[in-house]
Each structure stands twice: as C-alpha cells, then as structure tokens.
Amino acid sequence: MINKPLVLTYLYLLIYVLLSSGVILYNKWVLSPKYFNFPFPITLTMFHMAFSGLFAFFLIRVFKVVAPVKMTFEIYATCVVPISAFFASSLWFGNTAYLHISVAFIQMLKALMPVATISMGVLCGTDKPRCDVFLNMVLVSVGVVISSYGEIHFNIVGTVYQVTGIFAEALRLVLTQVLLQKKGLTLNPITSLYYIAPCSFVFLFVPCCLLEKPGMAVSLIQFNFWIFFSNALCALALNLSTFLVIGRTGAVTIRVAGVLKDWILIALSTVIFPESTITGLNIIGYAIALCGVVMYNYIKVKDGRASQLPSDSIPERFTKDRDWKLDKKSSAIINPNSNSDSNEGNFNGSEMNDEEAPLVSSRLSHFGRSFSNHTK
C-alpha cells in the first residue's frame, strides 16, 4: 500500500530542490549580459521584494488566509528594520555576484555559510567557541580556498560580493535569534514577507537610484513583463515550498536535500551555461569543504536532539502508562540518536540558506505541520 504522507513529503522535497535550483539559474540567466542582459541586480531584487510583499498583503489583509502578528512600532523599529537591512544586503551582494562569477563557483563559496554563521554567533555572544566546530570550520575554509585556487575564471570582485553577502546573511540569522526570538515574536514565511519585504524594498531603493538608475538611462534595456513576473513568481514559490518542506520533514532530511541540491545545481549550471568550467581542483576543494559542512550539520542535529525536552519524545498512545512513560523519558536522554524525524531537535528553517529564503523562527516547524495538514 502506498504511504501517501511519505509520497507527499518527497514530492515537496522534489519541488523544493527544483525551485531552489531554478531560481538561482533563472537569476543568473536574467542578469548575465550574455543571455537576457539585465545587469541590474538591485532592481531585480526590488521587484522580487515588491511582488512578495504585495502577495503577502493580499493573503493577510484582503483574503485573511494568514493572521497578522501583534507588531508594535518599537519591535518593528528595533527588530524588523535591522533584520530587513541585512536581508536586503545579502540579496543585493549575492545577486550582484552573478555578474562576475559562475553559478558553480558561487555554490562552492556558499559552503562558507556555517563559518560565517558561527563567527557572527561567537562575536554576538549567541554561540560559544567549541573545538570540534572550530576544526570543521577550518576544514570548510581549506576546501573553499582549494576550490578558489582551482577556479579558471576567478574574479576577485565577484568573490568579494558573494562572501560579503554570505556574512550579511549570517548576521541576519544571528539578529533574528537575538532580536525577534528573545522577544517571543513568531513569524511564518507569509508574515515575515509582509513585514520584511517592504522594508527591504526601501533599503534597496537608495543604492538602486545611485548605482543602477544612471546605467538604465543610457542602456537599451527592453522590459519584458512576463520574464520578470515569472522570475518573481519562482522566488515566491520557493519561499512557500521552503515553508511546506520544513513543516513535513526533519533537520536531517532537509540538510541532505540541500547537499543534493548543491551538486545538482553545479552540474546543471555547467550544462546551461557552457562558459562555466569546472576543474578537478574545484571538485576536490568543494568535496573537502562539503565534508566539513556535513560534519557541522551532524553536530547541530545531535545538539538539537540532546537539548530537546524529554517529554517531546513520548508517543501519545502511551500517555496513560505513567511507568512506561518515565522509562521512555530516561532512554530518550541517554540515547539521543533516534531515527525518528520528529526528534531532530530545534531546526531553524533559515538554515536552509536558499535564494531569498524568508525569515523563519524556530517555531515554524509546528506551524508548517498544521498548514500542510490543511493542504492535503
């Protein structure tokens, strides 16, 4: 007999992998002077923010599908505004990198995301230095350096843009934990787009006027509505698929899907963009970095399981048997390496680190499961 929930889960994962890869390849195609030739990444990002914010507005205010959160001016000014600033910066720098370096090399540089996140967390006091994590970060950094050394079309400007975007995204994740979660504010992807997308649009407006508007005035740019509409729609669909995937799977499954997506994306980019050449040194360096990333993910999942409340691991069908329940609690503490996806710890959906992935809180998995149950 076919397990429909399991099939639906893998279908969501497939959609997430396809959309995540598709958005990155689509952005590269739109921005690249060799293809669609719209070399204005800030403007493209602003269009995405306007489209996503408008979509969220209709869902919340017009159709009332999603309830808004209680947002005060103080929380918006002290939490949402700085988070939006770094969110906009990460998208700006990340999309600008497409103008200078290949998609494959960008994915290899993204292996630095755990390094940036741990570094920002230690600096901000949300994480403590650990020897095992430090060794993994060294391994990741060495792998990225080897991969960069093997890059034939290495471009320092594009590399700086991408690395800067990675650290901006890492700081956004840390600020999310420090500012929003400590205030007890929970945002799902729809409400996060509703509050953050318009603010990010405003932050991008000034650099767009200063850096891109003069170039638009003198260049012969043909605006194709359907190209930009479909591009923004794909980015929005990625946000929603991320929401559904987090609600139906555990941390291990999502991280494995992310690693698989990176390899697929690297392979596809060399086919779609023939100028993207991958060398043996690229592959060796990325494989080394990926080993560090996988070990880091393992440590995060193991820590999440260990820190989970024992009561969360008790099946409901045994709630009447108090003695058995106590034994189950003890075994859950002693043996955290359970195979159940429901015991995979406090997974933050923002660790998926996709293109234009929205702000999500650690409580999103529970909201996502409720939402996915209503969409069956």
# chains A, B, ... in the order shown; residues from 1 in each chain; ligands from 1
call {"tool": "closest_atom_pairs", "arguments": {"of": "region 139-238 of chain A", "to": "region 100-111 of chain A", "cutoff": "12 Å", "atoms": "only C-alpha atoms", "output": "Markdown table"}}
result
| residue | atom | partner | partner_atom | distance |
| --- | --- | --- | --- | --- |
| A:Leu139 | CA | A:Ala111 | CA | 10.7 |
| A:Val140 | CA | A:Ala111 | CA | 6.9 |
| A:Ser141 | CA | A:Ala111 | CA | 8.4 |
| A:Val142 | CA | A:Ala111 | CA | 10.9 |
| A:Gly143 | CA | A:Ala111 | CA | 8.9 |
| A:Val144 | CA | A:Leu109 | CA | 6.3 |
| A:Val145 | CA | A:Leu109 | CA | 9.1 |
| A:Ile146 | CA | A:Met108 | CA | 10.5 |
| A:Ser147 | CA | A:Met108 | CA | 7.3 |
| A:Ser148 | CA | A:Phe105 | CA | 7.8 |
| A:Tyr149 | CA | A:Phe105 | CA | 11.1 |
| A:Gly150 | CA | A:Phe105 | CA | 10.1 |
| A:Glu151 | CA | A:Phe105 | CA | 7.5 |
| A:Ile152 | CA | A:Phe105 | CA | 10.0 |
| A:His153 | CA | A:Ile101 | CA | 7.3 |
| A:Phe154 | CA | A:Ile101 | CA | 7.1 |
| A:Asn155 | CA | A:Ile101 | CA | 6.4 |
| A:Ile156 | CA | A:His100 | CA | 8.7 |
| A:Val157 | CA | A:His100 | CA | 7.0 |
| A:Gly158 | CA | A:His100 | CA | 4.8 |
| A:Thr159 | CA | A:Ile101 | CA | 7.3 |
| A:Val160 | CA | A:His100 | CA | 10.2 |
| A:Tyr161 | CA | A:His100 | CA | 9.1 |
| A:Gln162 | CA | A:Ile106 | CA | 7.0 |
| A:Val163 | CA | A:Leu109 | CA | 7.2 |
| A:Thr164 | CA | A:Leu109 | CA | 10.9 |
| A:Gly165 | CA | A:Lys110 | CA | 9.6 |
| A:Ile166 | CA | A:Lys110 | CA | 7.0 |
| A:Phe167 | CA | A:Lys110 | CA | 10.2 |
| A:Glu169 | CA | A:Lys110 | CA | 10.9 |
| A:Ala170 | CA | A:Lys110 | CA | 11.2 |
call {"tool": "residues_around", "arguments": {"residues": "region 228-241 of chain A", "least_positions_apart": "4", "cutoff": "7 Å", "atoms": "only C-alpha atoms", "output": "PyMOL selection string"}}
result
chain A and resi 12+15-16+19-20+23+26+48+51-52+189+224+245+356-358
call {"tool": "atom_distance", "arguments": {"atom1": "CA of Pro41 (chain A)", "atom2": "CA of Lys28 (chain A)"}}
result
9.8 Å
call {"tool": "select_by_dssp", "arguments": {"residues": "region 25-240 of chain A", "states": "helix (DSSP H, G or I)", "output": "PyMOL selection string"}}
result
chain A and resi 25-31+41-62+73-99+103-124+131-149+156-183+189-218+225-240
call {"tool": "residues_around", "arguments": {"residues": "Val138 (chain A)", "least_positions_apart": "3", "cutoff": "12 Å", "atoms": "only C-alpha atoms", "output": "PyMOL selection string"}}
result
chain A and resi 111-112+114-116+118-119+131-135+141-145+288-293+295-296
call {"tool": "atom_distance", "arguments": {"atom1": "CA of Ala168 (chain A)", "atom2": "CA of Ser89 (chain A)"}}
result
6.4 Å
call {"tool": "atom_distance", "arguments": {"atom1": "CA of Val122 (chain A)", "atom2": "CA of Asn282 (chain A)"}}
result
29.6 Å
call {"tool": "residues_around", "arguments": {"residues": "Met46 (chain A)", "least_positions_apart": "5", "cutoff": "9 Å", "atoms": "only C-alpha atoms", "output": "mmCIF file with all heavy atoms, in the first residue's frame"}}
result
data_model
loop_
_atom_site.group_PDB
_atom_site.id
_atom_site.type_symbol
_atom_site.label_atom_id
_atom_site.label_comp_id
_atom_site.auth_asym_id
_atom_site.auth_seq_id
_atom_site.Cartn_x
_atom_site.Cartn_y
_atom_site.Cartn_z
ATOM 1 N N PRO A 41 21.154 43.937 -10.656
ATOM 2 C CA PRO A 41 20.704 43.012 -9.597
ATOM 3 C C PRO A 41 19.881 43.681 -8.508
ATOM 4 O O PRO A 41 18.985 43.044 -7.931
ATOM 5 C CB PRO A 41 22.014 42.455 -9.037
ATOM 6 C CG PRO A 41 23.063 43.456 -9.407
ATOM 7 C CD PRO A 41 22.626 44.037 -10.710
ATOM 8 N N PHE A 51 6.900 42.231 -5.256
ATOM 9 C CA PHE A 51 5.967 41.165 -5.615
ATOM 10 C C PHE A 51 5.609 40.324 -4.391
ATOM 11 O O PHE A 51 4.433 40.047 -4.129
ATOM 12 C CB PHE A 51 6.587 40.289 -6.709
ATOM 13 C CG PHE A 51 5.667 39.234 -7.241
ATOM 14 C CD1 PHE A 51 4.765 39.516 -8.259
ATOM 15 C CD2 PHE A 51 5.692 37.945 -6.723
ATOM 16 C CE1 PHE A 51 3.906 38.537 -8.759
ATOM 17 C CE2 PHE A 51 4.842 36.959 -7.209
ATOM 18 C CZ PHE A 51 3.949 37.260 -8.232
ATOM 19 N N ALA A 88 18.218 42.558 2.895
ATOM 20 C CA ALA A 88 18.364 43.240 1.608
ATOM 21 C C ALA A 88 19.816 43.233 1.142
ATOM 22 O O ALA A 88 20.102 43.044 -0.045
ATOM 23 C CB ALA A 88 17.848 44.679 1.728
ATOM 24 N N ALA A 197 9.633 42.341 3.552
ATOM 25 C CA ALA A 197 9.808 42.664 2.131
ATOM 26 C C ALA A 197 9.664 44.165 1.841
ATOM 27 O O ALA A 197 10.507 44.734 1.138
ATOM 28 C CB ALA A 197 8.831 41.842 1.288
ATOM 29 N N SER A 200 12.760 45.930 3.173
ATOM 30 C CA SER A 200 13.921 45.622 2.351
ATOM 31 C C SER A 200 13.873 46.404 1.039
ATOM 32 O O SER A 200 14.908 46.860 0.534
ATOM 33 C CB SER A 200 13.983 44.119 2.059
ATOM 34 O OG SER A 200 14.135 43.377 3.245
ATOM 35 N N PHE A 201 12.673 46.551 0.486
ATOM 36 C CA PHE A 201 12.499 47.345 -0.730
ATOM 37 C C PHE A 201 12.978 48.777 -0.530
ATOM 38 O O PHE A 201 13.670 49.349 -1.384
ATOM 39 C CB PHE A 201 11.027 47.332 -1.147
ATOM 40 C CG PHE A 201 10.723 48.127 -2.397
ATOM 41 C CD1 PHE A 201 10.738 47.500 -3.639
ATOM 42 C CD2 PHE A 201 10.418 49.475 -2.327
ATOM 43 C CE1 PHE A 201 10.462 48.221 -4.795
ATOM 44 C CE2 PHE A 201 10.139 50.202 -3.467
ATOM 45 C CZ PHE A 201 10.160 49.568 -4.707
ATOM 46 N N VAL A 202 12.629 49.352 0.613
ATOM 47 C CA VAL A 202 13.044 50.729 0.911
ATOM 48 C C VAL A 202 14.557 50.823 1.036
ATOM 49 O O VAL A 202 15.183 51.770 0.534
ATOM 50 C CB VAL A 202 12.353 51.219 2.200
ATOM 51 C CG1 VAL A 202 12.904 52.582 2.620
ATOM 52 C CG2 VAL A 202 10.847 51.289 1.999
ATOM 53 N N LEU A 204 16.749 49.033 -0.433
ATOM 54 C CA LEU A 204 17.375 48.854 -1.743
ATOM 55 C C LEU A 204 17.135 50.032 -2.675
ATOM 56 O O LEU A 204 17.832 50.169 -3.690
ATOM 57 C CB LEU A 204 16.836 47.575 -2.407
ATOM 58 C CG LEU A 204 17.236 46.255 -1.743
ATOM 59 C CD1 LEU A 204 16.417 45.104 -2.324
ATOM 60 C CD2 LEU A 204 18.720 45.992 -1.924
ATOM 61 N N PHE A 205 16.172 50.876 -2.339
ATOM 62 C CA PHE A 205 15.809 51.980 -3.231
ATOM 63 C C PHE A 205 16.950 52.972 -3.418
ATOM 64 O O PHE A 205 17.238 53.407 -4.536
ATOM 65 C CB PHE A 205 14.564 52.694 -2.687
ATOM 66 C CG PHE A 205 14.078 53.811 -3.561
ATOM 67 C CD1 PHE A 205 13.362 53.527 -4.717
ATOM 68 C CD2 PHE A 205 14.340 55.135 -3.241
ATOM 69 C CE1 PHE A 205 12.914 54.556 -5.541
ATOM 70 C CE2 PHE A 205 13.897 56.171 -4.049
ATOM 71 C CZ PHE A 205 13.181 55.878 -5.195
ATOM 72 N N CYS A 208 19.833 51.602 -5.471
ATOM 73 C CA CYS A 208 19.354 51.438 -6.842
ATOM 74 C C CYS A 208 19.413 52.768 -7.587
ATOM 75 O O CYS A 208 19.869 52.826 -8.747
ATOM 76 C CB CYS A 208 17.930 50.904 -6.844
ATOM 77 S SG CYS A 208 17.202 50.722 -8.476
#
call {"tool": "residues_around", "arguments": {"residues": "Leu260 (chain A)", "least_positions_apart": "2", "cutoff": "12 Å", "atoms": "only C-alpha atoms", "output": "count of residues only"}}
result
22
